file final-v4.txt (compact mmCIF, C-alpha atoms)
# COMPACT_ATOMS: atom_id res chain seq x y z
CA MET A 1 23.46 14.33 54.44
CA GLU A 2 22.45 11.63 51.96
CA LEU A 3 20.10 11.69 49.01
CA HIS A 4 18.04 8.71 47.82
CA PHE A 5 16.00 8.67 44.64
CA TYR A 6 13.23 6.10 44.14
CA PRO A 7 12.32 6.44 40.43
CA GLY A 8 9.43 3.99 40.72
CA GLN A 9 7.81 6.28 43.29
CA ASN A 10 8.90 9.66 41.82
CA LEU A 11 10.36 10.28 45.24
CA LEU A 12 13.54 11.93 46.48
CA ILE A 13 14.49 11.37 50.10
CA LEU A 14 16.88 13.53 52.12
CA LYS A 15 18.42 11.89 55.18
CA ASN A 16 20.88 13.02 57.80
CA LYS A 17 22.51 10.16 59.71
CA LYS A 18 19.55 7.88 58.90
CA LYS A 19 17.09 10.55 60.13
CA LEU A 20 14.51 11.56 57.53
CA ILE A 21 14.85 15.28 56.77
CA GLY A 22 12.47 15.60 53.86
CA ARG A 23 10.69 13.86 51.00
CA TYR A 24 10.20 15.56 47.65
CA GLU A 25 8.43 14.77 44.42
CA ALA A 26 11.02 14.13 41.69
CA TRP A 27 10.60 12.56 38.25
CA GLY A 28 13.28 10.55 36.49
CA GLY A 29 13.38 8.78 33.15
CA PRO A 30 11.18 5.81 32.21
CA ALA A 31 11.91 2.29 33.51
CA SER A 32 12.93 1.20 29.99
CA MET A 33 14.23 2.99 26.90
CA GLY A 34 11.75 5.36 25.26
CA SER A 35 11.19 6.36 21.63
CA ASP A 36 11.60 10.15 21.45
CA ALA A 37 13.12 10.62 17.96
CA ARG A 38 14.99 13.70 19.14
CA MET A 39 16.77 11.70 21.88
CA ALA A 40 15.45 8.45 23.26
CA GLU A 41 14.42 8.64 26.91
CA GLU A 42 16.48 6.39 29.17
CA PRO A 43 16.10 5.12 32.74
CA THR A 44 17.77 7.11 35.49
CA TRP A 45 20.50 4.57 36.05
CA PRO A 46 20.41 2.94 39.52
CA GLY A 47 23.68 3.11 41.45
CA SER A 48 25.65 4.93 44.12
CA TYR A 49 27.02 8.34 43.21
CA ILE A 50 28.63 11.44 44.69
CA ILE A 51 27.31 14.98 44.17
CA ASP A 52 30.00 17.06 42.43
CA LYS A 53 28.72 20.56 41.78
CA THR A 54 25.87 22.92 41.03
CA HIS A 55 26.25 25.08 37.96
CA SER A 56 24.47 26.87 35.16
CA TYR A 57 24.43 24.32 32.35
CA HIS A 58 24.39 24.75 28.60
CA THR A 59 24.67 22.32 25.72
CA THR A 60 24.32 22.33 21.95
CA THR A 61 22.23 19.13 22.06
CA TRP A 62 18.99 21.02 22.68
CA PRO A 63 18.33 24.35 20.92
CA MET A 64 16.95 26.21 23.92
CA SER A 65 19.87 25.06 26.07
CA LYS A 66 22.56 26.65 23.92
CA ILE A 67 22.21 29.79 26.02
CA LYS A 68 22.71 29.83 29.80
CA TRP A 69 19.76 30.70 31.99
CA GLY A 70 19.78 34.39 32.94
CA THR A 71 21.82 35.56 29.94
CA ARG A 72 20.95 39.18 29.09
CA LEU A 73 18.84 39.78 25.98
CA LYS A 74 18.48 42.85 23.80
CA ASP A 75 15.39 43.38 21.65
CA MET A 76 16.19 44.26 18.03
CA PRO A 77 12.76 44.59 16.36
CA GLY A 78 14.06 46.48 13.32
CA LYS A 79 16.38 43.59 12.59
CA ASN A 80 13.62 41.06 13.40
CA ASP A 81 15.84 39.52 16.05
CA VAL A 82 16.65 39.30 19.74
CA TRP A 83 20.31 39.40 20.68
CA TYR A 84 21.93 37.56 23.59
CA GLU A 85 25.05 38.59 25.46
CA LEU A 86 28.11 36.49 24.73
CA SER A 87 30.78 35.77 27.34
CA SER A 88 33.04 38.17 25.42
CA GLY A 89 30.59 41.00 26.08
CA LYS A 90 29.54 41.10 22.41
CA TRP A 91 26.06 40.15 21.24
CA GLY A 92 24.94 37.04 19.37
CA SER A 93 21.81 36.61 17.25
CA ILE A 94 19.09 34.25 18.47
CA ALA A 95 17.60 34.10 14.96
CA LYS A 96 20.96 32.99 13.55
CA ASP A 97 22.39 30.87 16.36
CA ILE A 98 19.25 29.28 17.83
CA LYS A 99 17.09 29.64 14.72
CA ILE A 100 14.18 31.12 16.63
CA GLN A 101 12.54 34.21 15.21
CA ARG A 102 11.62 37.15 17.40
CA HIS A 103 7.84 36.59 17.12
CA GLU A 104 8.30 32.90 18.02
CA LEU A 105 10.27 33.90 21.11
CA ILE A 106 7.52 36.30 22.24
CA ASN A 107 4.98 33.52 21.68
CA VAL A 108 6.98 31.04 23.81
CA TYR A 109 7.29 33.65 26.56
CA LYS A 110 3.51 34.30 26.42
CA ARG A 111 2.73 30.58 26.57
CA LEU A 112 4.97 30.00 29.57
CA TYR A 113 4.32 33.10 31.64
CA ASP A 114 1.23 35.08 30.69
CA PRO A 115 -0.98 35.32 27.57
CA LYS A 116 -0.97 39.10 28.05
CA ILE A 117 2.79 39.39 27.50
CA THR A 118 3.60 41.72 24.61
CA LYS A 119 7.40 41.85 24.49
CA PRO A 120 10.40 39.53 24.53
CA PRO A 121 11.99 38.74 27.92
CA THR A 122 15.06 40.66 29.03
CA GLN A 123 16.85 37.50 30.17
CA TRP A 124 17.09 33.98 28.75
CA ILE A 125 14.66 31.89 30.79
CA PHE A 126 14.26 28.99 28.39
CA ASN A 127 17.26 26.73 29.07
CA ASP A 128 15.89 23.17 29.37
CA PHE A 129 18.00 22.59 32.47
CA GLY A 130 16.67 25.57 34.42
CA PRO A 131 18.87 28.12 36.24
CA VAL A 132 21.17 25.43 37.65
CA ALA A 133 21.90 21.75 37.21
CA ILE A 134 23.18 19.59 40.04
CA ARG A 135 25.76 17.12 38.76
CA TRP A 136 26.91 13.75 40.08
CA PHE A 137 29.48 11.09 39.23
CA LYS A 138 30.26 7.42 39.90
CA ASP A 139 33.09 7.45 42.44
CA ILE A 140 35.12 4.53 41.12
CA ASN A 141 38.14 4.97 43.41
CA GLY A 142 36.06 5.91 46.47
CA ASN A 143 37.84 9.19 47.32
CA LYS A 144 34.72 11.36 46.85
CA LYS A 145 36.58 13.45 44.26
CA LEU A 146 36.00 13.59 40.53
CA ASP A 147 39.37 12.35 39.30
CA GLY A 148 41.13 9.63 37.33
CA HIS A 149 38.81 8.06 34.77
CA GLU A 150 35.70 9.33 36.53
CA ARG A 151 33.29 11.53 34.57
CA LEU A 152 30.27 13.60 35.39
CA SER A 153 27.06 11.78 34.60
CA GLY A 154 25.01 13.17 31.68
CA GLN A 155 22.03 12.73 33.98
CA MET A 156 21.53 15.49 36.53
CA PHE A 157 19.03 17.15 38.85
CA HIS A 158 17.34 20.15 37.27
CA THR A 159 14.12 22.10 36.91
CA THR A 160 12.43 22.88 33.59
CA PRO A 161 11.39 26.21 31.99
CA ASP A 162 7.73 25.18 32.32
CA ASN A 163 8.11 24.43 36.04
CA GLU A 164 10.11 27.62 36.65
CA ALA A 165 7.34 29.62 34.96
CA GLN A 166 4.63 27.86 36.99
CA HIS A 167 6.60 28.54 40.17
CA ARG A 168 7.27 32.22 39.35
CA THR A 169 3.66 32.89 38.37
CA GLY A 170 2.23 31.19 41.46
CA ASN A 171 0.67 28.31 39.55
CA THR A 172 0.73 24.63 40.49
CA VAL A 173 4.06 23.10 39.53
CA LYS A 174 3.40 19.93 37.54
CA LEU A 175 6.39 17.68 36.97
CA VAL A 176 6.73 15.53 33.85
CA PRO A 177 8.93 12.49 33.10
CA SER A 178 12.46 13.25 31.93
CA HIS A 179 14.84 11.85 29.32
CA GLY A 180 16.90 10.35 32.20
CA CYS A 181 17.66 13.37 34.39
CA ILE A 182 15.75 14.02 37.60
CA HIS A 183 13.19 16.81 37.45
CA LEU A 184 12.70 18.74 40.67
CA LYS A 185 10.30 21.47 41.68
CA PRO A 186 12.06 24.87 41.93
CA ILE A 187 11.00 25.28 45.56
CA ASP A 188 12.35 21.81 46.46
CA ARG A 189 15.66 22.52 44.70
CA ASP A 190 15.98 25.64 46.86
CA VAL A 191 14.99 23.83 50.07
CA ILE A 192 17.39 20.92 49.46
CA THR A 193 20.13 23.42 48.58
CA SER A 194 19.48 25.31 51.83
CA TYR A 195 20.06 22.04 53.74
CA GLY A 196 23.44 21.80 52.05
CA ALA A 197 22.53 18.48 50.44
CA PHE A 198 23.71 19.50 46.96
CA LYS A 199 27.18 20.36 48.24
CA PRO A 200 30.11 18.40 46.77
CA LYS A 201 30.79 14.96 48.32
CA THR A 202 27.16 14.32 49.32
CA PRO A 203 26.36 10.62 48.73
CA PHE A 204 23.48 10.07 46.31
CA ILE A 205 21.81 6.73 45.63
CA VAL A 206 19.50 6.00 42.70
CA HIS A 207 17.43 2.97 43.70
CA LYS A 208 16.02 0.40 41.30
CA TYR A 209 12.64 1.10 39.71
CA ASP A 210 10.95 -1.66 41.70
CA GLU A 211 12.45 -0.59 45.04
CA ARG A 212 10.13 1.24 47.41
CA PHE A 213 10.99 3.66 50.17
CA VAL A 214 9.85 2.36 53.55
CA LYS A 215 10.09 4.77 56.45
CA MET B 1 -0.91 62.63 -37.76
CA LYS B 2 -1.89 64.41 -34.52
CA LYS B 3 -4.52 61.74 -33.90
CA LEU B 4 -1.88 59.03 -34.30
CA ILE B 5 0.46 60.71 -31.81
CA ILE B 6 -2.37 61.07 -29.25
CA LEU B 7 -3.31 57.42 -29.73
CA PHE B 8 0.33 56.39 -29.25
CA LEU B 9 0.61 58.46 -26.03
CA LEU B 10 -2.62 56.96 -24.70
CA LEU B 11 -1.35 53.44 -25.38
CA LEU B 12 1.95 54.22 -23.66
CA THR B 13 0.16 55.54 -20.57
CA SER B 14 -2.02 52.45 -20.29
CA VAL B 15 0.99 50.14 -20.68
CA GLU B 16 2.72 52.01 -17.82
CA ALA B 17 -0.38 51.75 -15.64
CA CYS B 18 -0.56 48.02 -16.19
CA ALA B 19 3.11 47.38 -15.48
CA GLN B 20 3.66 45.70 -12.10
CA LYS B 21 5.46 47.97 -9.66
CA GLU B 22 8.16 46.05 -7.84
CA ILE B 23 7.39 45.60 -4.13
CA SER B 24 10.02 44.96 -1.47
CA TRP B 25 10.07 45.44 2.30
CA LYS B 26 12.49 45.50 5.20
CA THR B 27 12.09 44.07 8.68
CA ASN B 28 12.01 47.62 10.10
CA GLY B 29 8.69 48.33 8.36
CA ARG B 30 10.00 50.24 5.34
CA VAL B 31 8.28 49.24 2.09
CA ASN B 32 9.23 50.13 -1.47
CA ILE B 33 6.54 50.11 -4.14
CA GLY B 34 8.19 50.97 -7.42
CA SER B 35 10.07 54.21 -6.74
CA HIS B 36 7.82 55.10 -3.80
CA THR B 37 8.84 54.39 -0.16
CA VAL B 38 6.27 53.88 2.59
CA LYS B 39 7.08 53.73 6.30
CA LEU B 40 4.57 51.48 8.03
CA LYS B 41 3.43 52.19 11.56
CA MET B 42 4.86 48.71 12.32
CA GLN B 43 8.44 48.73 13.59
CA ASN B 44 8.86 45.02 12.92
CA VAL B 45 7.84 43.02 9.87
CA TYR B 46 8.61 39.31 9.69
CA TYR B 47 6.39 37.99 6.92
CA GLY B 48 5.11 39.17 3.57
CA TYR B 49 2.67 37.72 1.03
CA LYS B 50 2.49 39.27 -2.41
CA VAL B 51 -0.66 39.14 -4.51
CA ASN B 52 -1.34 40.68 -7.92
CA ASN B 53 -2.55 44.03 -6.64
CA GLY B 54 -0.38 44.45 -3.54
CA VAL B 55 1.19 42.89 -0.50
CA TYR B 56 0.14 41.71 2.97
CA LEU B 57 2.74 42.26 5.69
CA ILE B 58 2.72 40.72 9.16
CA GLY B 59 4.58 42.12 12.15
CA PHE B 60 4.21 44.25 15.24
CA GLU B 61 3.32 47.82 15.98
CA ILE B 62 5.48 48.67 19.00
CA ASP B 63 4.49 51.44 21.40
CA LYS B 64 6.85 53.63 23.45
CA LYS B 65 6.79 51.14 26.32
CA GLY B 66 7.95 48.38 24.00
CA ASN B 67 4.60 46.56 23.84
CA ASN B 68 4.15 44.61 20.60
CA LYS B 69 0.70 44.62 19.02
CA PRO B 70 0.28 41.87 16.39
CA THR B 71 -0.57 43.73 13.20
CA LEU B 72 -1.39 42.99 9.59
CA ALA B 73 -0.85 45.65 6.92
CA TRP B 74 -2.16 45.77 3.38
CA LEU B 75 -0.43 47.86 0.75
CA SER B 76 -1.90 48.20 -2.68
CA ARG B 77 0.31 48.78 -5.73
CA SER B 78 -1.98 51.62 -6.82
CA ASP B 79 -2.59 53.31 -3.46
CA THR B 80 0.36 53.63 -1.10
CA THR B 81 -1.72 54.38 1.99
CA PRO B 82 -1.53 51.24 4.13
CA GLU B 83 -4.52 49.60 5.76
CA TYR B 84 -3.99 47.98 9.19
CA TRP B 85 -5.69 45.39 11.33
CA SER B 86 -4.56 44.43 14.83
CA PHE B 87 -5.01 41.04 16.51
CA ASN B 88 -4.67 39.50 19.97
CA ASN B 89 -2.71 36.44 18.87
CA ILE B 90 0.66 36.60 17.15
CA LEU B 91 0.23 36.12 13.41
CA GLN B 92 1.88 33.36 11.41
CA GLU B 93 1.09 33.60 7.70
CA ILE B 94 -1.34 34.33 4.87
CA PHE B 95 -2.70 31.63 2.60
CA MET B 96 -5.23 31.16 -0.17
CA LEU B 97 -8.13 28.76 0.34
CA ASN B 98 -10.85 28.32 -2.28
CA GLY B 99 -9.60 31.46 -4.00
CA GLN B 100 -9.93 33.62 -0.90
CA ILE B 101 -7.31 35.20 1.33
CA HIS B 102 -6.97 33.68 4.83
CA LEU B 103 -4.79 34.49 7.80
CA LEU B 104 -3.33 31.98 10.28
CA ASP B 105 -2.22 32.91 13.80
CA MET B 106 0.28 31.04 15.99
CA ASN B 107 -2.51 29.56 18.12
CA GLY B 108 -3.96 27.87 15.05
CA GLY B 109 -6.75 30.41 14.57
CA ILE B 110 -7.88 30.99 10.97
CA HIS B 111 -9.28 34.35 9.89
CA LYS B 112 -11.09 34.93 6.62
CA PHE B 113 -11.26 38.32 4.91
CA GLU B 114 -14.93 39.21 4.42
CA SER B 115 -16.65 42.58 4.00
CA GLU B 116 -13.47 44.54 4.64
CA SER B 117 -12.73 42.78 7.96
CA TRP B 118 -11.17 39.57 9.25
CA ILE B 119 -13.69 37.04 10.53
CA LYS B 120 -12.45 34.20 12.74
CA SER B 121 -13.29 30.82 11.27
CA PRO B 122 -14.67 28.00 13.46
CA LEU B 123 -11.93 25.82 11.97
CA LYS B 124 -8.86 25.70 14.22
CA LEU B 125 -5.48 24.19 13.49
CA LYS B 126 -2.91 22.93 15.98
CA ASP B 127 -0.64 25.50 17.66
CA ASN B 128 2.39 26.62 15.62
CA SER B 129 0.97 25.09 12.44
CA ARG B 130 2.26 26.10 9.03
CA ILE B 131 0.19 25.76 5.88
CA ILE B 132 1.76 23.36 3.36
CA ASP B 133 -1.05 22.85 0.85
CA THR B 134 -4.66 23.89 0.32
CA GLU B 135 -5.49 22.17 -2.95
CA LYS B 136 -8.11 19.70 -1.64
CA THR B 137 -8.10 20.43 2.06
CA ILE B 138 -5.72 22.24 4.39
CA LEU B 139 -2.55 20.22 4.83
CA ALA B 140 -0.56 21.68 7.73
CA CYS B 141 2.59 20.76 9.65
CA TYR B 142 3.77 21.75 13.12
CA PRO B 143 7.42 21.56 14.22
CA SER B 144 8.88 19.48 17.05
CA PRO B 145 8.77 21.24 20.41
CA LEU B 146 11.57 23.69 21.06
CA PHE B 147 11.93 22.29 24.57
CA LYS B 148 13.38 18.98 25.75
CA SER B 149 10.42 18.22 28.01
CA PRO B 150 7.85 16.91 27.62
CA SER B 151 8.82 14.29 25.04
CA GLY B 152 7.24 14.47 21.64
CA ILE B 153 7.83 15.49 18.05
CA GLY B 154 6.14 17.48 15.33
CA GLY B 155 3.81 16.26 12.66
CA CYS B 156 1.75 16.88 9.54
CA TYR B 157 -2.01 16.49 9.20
CA THR B 158 -5.08 17.40 7.25
CA ALA B 159 -7.50 19.87 8.81
CA ASN B 160 -10.42 17.56 7.95
CA GLY B 161 -8.94 14.92 10.27
CA GLN B 162 -8.34 12.43 7.46
CA TRP B 163 -4.78 11.60 8.49
CA GLU B 164 -1.85 12.65 10.67
CA ILE B 165 1.78 11.59 10.72
CA LYS B 166 4.49 12.22 13.32
CA VAL B 167 7.75 13.68 12.03
CA ASN B 168 10.67 15.33 13.76
CA TRP B 169 11.19 18.54 11.81
CA ASN B 170 12.30 21.98 12.97
CA ASP B 171 13.79 24.51 10.58
CA THR B 172 13.09 22.89 7.24
CA LEU B 173 9.46 23.43 6.39
CA PRO B 174 7.88 20.38 4.69
CA LYS B 175 6.98 20.99 1.06
CA ILE B 176 4.78 19.64 -1.72
CA CYS B 177 6.88 18.33 -4.64
CA LYS B 178 5.20 16.81 -7.68
CA GLY B 179 2.03 16.27 -5.68
CA HIS B 180 3.71 14.54 -2.72
CA LEU B 181 4.53 15.75 0.78
CA ILE B 182 8.30 15.85 1.32
CA VAL B 183 9.62 16.06 4.88
CA VAL B 184 13.05 15.98 6.52
CA ASP B 185 12.64 13.67 9.53
CA GLN B 186 15.50 13.50 12.02
CA ILE B 187 15.51 10.23 13.96
CA ASN B 188 18.08 10.42 16.73
CA LYS B 189 20.96 11.96 14.78
CA THR B 190 20.14 10.54 11.36
CA LEU B 191 18.41 12.66 8.71
CA TRP B 192 15.77 11.01 6.54
CA LEU B 193 14.07 12.55 3.53
CA LYS B 194 10.57 11.11 3.37
CA LYS B 195 7.91 11.19 0.70
CA TYR B 196 4.27 10.85 1.78
CA SER B 197 1.02 10.66 -0.12
CA LYS B 198 -0.88 13.85 0.57
CA ASP B 199 -4.13 11.95 0.02
CA ASN B 200 -3.78 9.52 2.93
CA GLY B 201 -0.46 10.24 4.68
CA GLU B 202 1.03 6.93 3.56
CA LEU B 203 4.83 6.77 3.52
CA LEU B 204 5.76 6.18 -0.13
CA SER B 205 9.53 6.39 0.00
CA SER B 206 12.40 7.42 2.25
CA LYS B 207 16.13 7.82 1.98
CA GLU B 208 18.90 8.68 4.41
CA ILE B 209 20.59 11.99 3.66
CA ARG B 210 23.79 13.52 5.01
CA LYS B 211 22.67 17.13 4.88
CA ILE B 212 19.44 18.95 4.27
CA PRO B 213 19.15 20.00 0.59
CA LYS B 214 18.50 23.67 -0.17
CA ASP B 215 15.46 22.63 -2.18
CA LEU B 216 13.53 19.61 -0.90
CA CYS B 217 12.18 19.07 -4.42
CA SER B 218 15.67 18.62 -5.85
CA ILE B 219 16.17 15.12 -4.40
CA ASP B 220 15.44 12.11 -6.55
CA PHE B 221 14.01 9.19 -4.58
CA VAL B 222 14.75 6.53 -7.25

call {"tool": "encode", "arguments": {"input": "final-v4.txt", "output": "C-alpha cells"}}
result
Amino acid sequence: MELHFYPGQNLLILKNKKKLIGRYEAWGGPASMGSDARMAEEPTWPGSYIIDKTHSYHTTTWPMSKIKWGTRLKDMPGKNDVWYELSSGKWGSIAKDIKIQRHELINVYKRLYDPKITKPPTQWIFNDFGPVAIRWFKDINGNKKLDGHERLSGQMFHTTPDNEAQHRTGNTVKLVPSHGCIHLKPIDRDVITSYGAFKPKTPFIVHKYDERFVK
Amino acid sequence: MKKLIILFLLLLTSVEACAQKEISWKTNGRVNIGSHTVKLKMQNVYYGYKVNNGVYLIGFEIDKKGNNKPTLAWLSRSDTTPEYWSFNNILQEIFMLNGQIHLLDMNGGIHKFESESWIKSPLKLKDNSRIIDTEKTILACYPSPLFKSPSGIGGCYTANGQWEIKVNWNDTLPKICKGHLIVVDQINKTLWLKKYSKDNGELLSSKEIRKIPKDLCSIDFV
C-alpha cells in the first residue's frame, strides 16, 4: 500500500503495487502561508513520509481540542457547567478548563447536529482533529521506524467536527482548507483504514502543489 | 404629640418601602430579594440584568427528560411572583436601547418588550454577538470561532453597517473606555491591546501586553 497526496488537486490516491485502489477528496493547507491570526495556515509540506500511527489526539493549542473525542460528559445545570471525565476518573469543568459556558456548548451542538437539540451532548464530539488523527514522520534513516532524531509531523490526516456531524446526520460532507493538515471525509477515513493503508510503515508522499495525478 | 408620632411612623414606613431590596441569584435558579427567597421554575440561570424595579434572569427550564427550554424570567422587587417567557433560540443578554429593554439571542435575533410581550425586531445581528455599546447605534462584537476550521477570527461592528473590524478575541469581552472601543487582539501568540474609535472603527492606538488586564480600562495607552 502507498498513499499519494496531490494538494493542488485536493486528491488522495491509494495504490497497491502501482495499481490504483482508490481516489479520495482530501484538502490540505494553502500553497503559501496564510494569515489566520490564531495560527497562520501553512502548506502541507511536500516530501516522502512514513505513516506511524492512528490515535485520538488532543492539544492545548486549540480550545476544543483540549479534550479527546468521545470523552464522557456530565450535565451540571445547577452549577451552570458541563463536566468531562478526566483520565483519573474524576471530573473536570468545561466552563473552567475550556472556558465554554453550558449554554454555549448546547448552542454549538445545535448548530452542528440539529437545531431541535435541547440538551448538551453526553460525549465530547468537538475535538478539531475528529475521533482519530493519522500521524506521519520523515524517515531520515530509512528504517521505517520513528527513532533517532525523527519526530512526528505536526501535520496529520484528520476529519473535523463539522464533517463528522454532516456524516452522522446524513448530510453532504463539505471539506474546507486546513491549516496544513489533510482533511478527509469520515467515510473515506474508514474506507482507507479498512484497506490497511493507515497502518504503520505505509509510505506516504505529499506531492508539490503544481504536480498533477495522471492515471 | 400623638399626631407627631403617627407622622413619624408614616415617614418611617415610606422610607422602608423606598429602600432598594438587595437582589442576588444562583445558577440553580434560586433568587433572593431582600430576605425573601424565590425558587424559579428554571433549573439553570446563566445571566442576570438588574434594573431599578427588579431583575431579568436568563437560563433554561429543564423538563424530566433533560430538555432545556430557553427561558427569560422577570422578578420585581415589590412582587416576588416571577413572570416567564420561553423562546426557541438560546438567549444571550439583555440591553437597553433608546431607553427600552431589549433581548438578544445567540442567533443574533433582537426582541423588544412591547405590550407585555417580546416582539422580534427586523434588525438582526451576527451569530454569537455581544452588545458593547448602544449610545448612538448598536456596537456589537463576536468572538473568534471556537473551532480550528474554517479559518477566521472574530470582530466588532455597528449594526447600521457603518464599520466593521476584525479582531481575534475570545474570553475578554471588548469594552468602551472613555468613549473608545478597547479590545484584546491576539495575533499568533502575541497579545495586543487596541483602542478604536467607536465612530468609524479607526485604530487609534495599540500596545503589546504580556497578560490580559483585569480591567481593560485600567491600561494607559500613552

call {"tool": "atom_distance", "arguments": {"input": "final-v4.txt", "atom1": "atom CA of Lys198 of chain B", "atom2": "atom CA of Pro145 of chain B"}}
result
23.3 Å

call {"tool": "atom_distance", "arguments": {"input": "final-v4.txt", "atom1": "atom CA of Ile90 of chain B", "atom2": "atom CA of Ile131 of chain B"}}
result
15.6 Å

call {"tool": "atom_distance", "arguments": {"input": "final-v4.txt", "atom1": "atom CA of Lys126 of chain B", "atom2": "atom CA of Asn107 of chain B"}}
result
7.0 Å

call {"tool": "closest_residue", "arguments": {"input": "final-v4.txt", "among": "A:Ile205, A:Leu12, A:Ile50, A:Met39", "to": "Thr190 of chain B", "atoms": "only C-alpha atoms"}}
result
A:Met39

call {"tool": "closest_residue", "arguments": {"input": "final-v4.txt", "among": "A:Ile192, A:Ser48, A:Asp210, A:Lys110", "to": "Ile21 of chain A", "atoms": "all atoms listed in the file"}}
result
A:Ile192

call {"tool": "closest_residue", "arguments": {"input": "final-v4.txt", "among": "B:Gln100, B:Ser218, B:Asn44, B:Gln162", "to": "chain A", "atoms": "all atoms listed in the file"}}
result
B:Asn44

call {"tool": "residues_around", "arguments": {"input": "final-v4.txt", "residues": "segment 1-7 of chain A", "least_positions_apart": "5", "cutoff": "8 Å", "atoms": "only C-alpha atoms", "output": "list in words"}}
result
Leu12, Ile13, Leu14, Lys15, Asn16, Lys17, Ala26, Trp27, Gly28, Gly29, Thr44, Gly196, Ala197, Thr202, Pro203, Phe204, Ile205, Val206, His207, Lys208, Tyr209, Glu211, Arg212 and Phe213 of chain A

call {"tool": "closest_residue", "arguments": {"input": "final-v4.txt", "among": "A:His179, A:His58, A:Lys19, A:Arg111", "to": "Asp127 of chain B", "atoms": "all atoms listed in the file"}}
result
A:Arg111

call {"tool": "closest_residue", "arguments": {"input": "final-v4.txt", "among": "B:Leu40, B:Ile110, B:Ile153, B:Leu173", "to": "chain A", "atoms": "only C-alpha atoms"}}
result
B:Ile153

call {"tool": "interface_residues", "arguments": {"input": "final-v4.txt", "of": "chain A", "to": "chain B", "cutoff": "9 Å", "atoms": "all atoms listed in the file", "output": "JSON, numbers by chain"}}
result
{"A": [35, 36, 37, 38, 39, 40, 41, 62, 63, 64, 65, 76, 77, 78, 79, 80, 99, 100, 101, 102, 103, 104, 106, 107, 115, 116, 117, 118, 119, 120, 126, 127, 128, 129, 160, 161, 162, 176, 177, 178, 179]}

call {"tool": "closest_residue", "arguments": {"input": "final-v4.txt", "among": "B:Asp220, B:Glu114, B:Glu22, B:Asp199", "to": "Ile138 of chain B", "atoms": "only C-alpha atoms"}}
result
B:Asp199

call {"tool": "residues_around", "arguments": {"input": "final-v4.txt", "residues": "His158 of chain A", "least_positions_apart": "5", "cutoff": "6 Å", "atoms": "all atoms listed in the file", "output": "MDAnalysis selection string"}}
result
chainID A and resid 129 133 183:184

call {"tool": "residues_around", "arguments": {"input": "final-v4.txt", "residues": "Lys120 of chain B", "least_positions_apart": "2", "cutoff": "9 Å", "atoms": "all atoms listed in the file", "output": "PyMOL selection string"}}
result
chain B and resi 109-113+118+122-123

call {"tool": "residues_around", "arguments": {"input": "final-v4.txt", "residues": "Ala165 of chain A", "least_positions_apart": "2", "cutoff": "10 Å", "atoms": "all atoms listed in the file", "output": "PyMOL selection string"}}
result
chain A and resi 109+111-114+125-126+160-163+167-173+186

call {"tool": "residues_around", "arguments": {"input": "final-v4.txt", "residues": "Leu152 of chain A", "least_positions_apart": "4", "cutoff": "7 Å", "atoms": "only C-alpha atoms", "output": "mmCIF file with C-alpha atoms, keeping the file's coordinate frame"}}
result
data_model
loop_
_atom_site.group_PDB
_atom_site.id
_atom_site.type_symbol
_atom_site.label_atom_id
_atom_site.label_comp_id
_atom_site.auth_asym_id
_atom_site.auth_seq_id
_atom_site.Cartn_x
_atom_site.Cartn_y
_atom_site.Cartn_z
ATOM 1 C CA ARG A 135 25.760 17.120 38.760
ATOM 2 C CA TRP A 136 26.910 13.750 40.080
ATOM 3 C CA PHE A 137 29.480 11.090 39.230
#
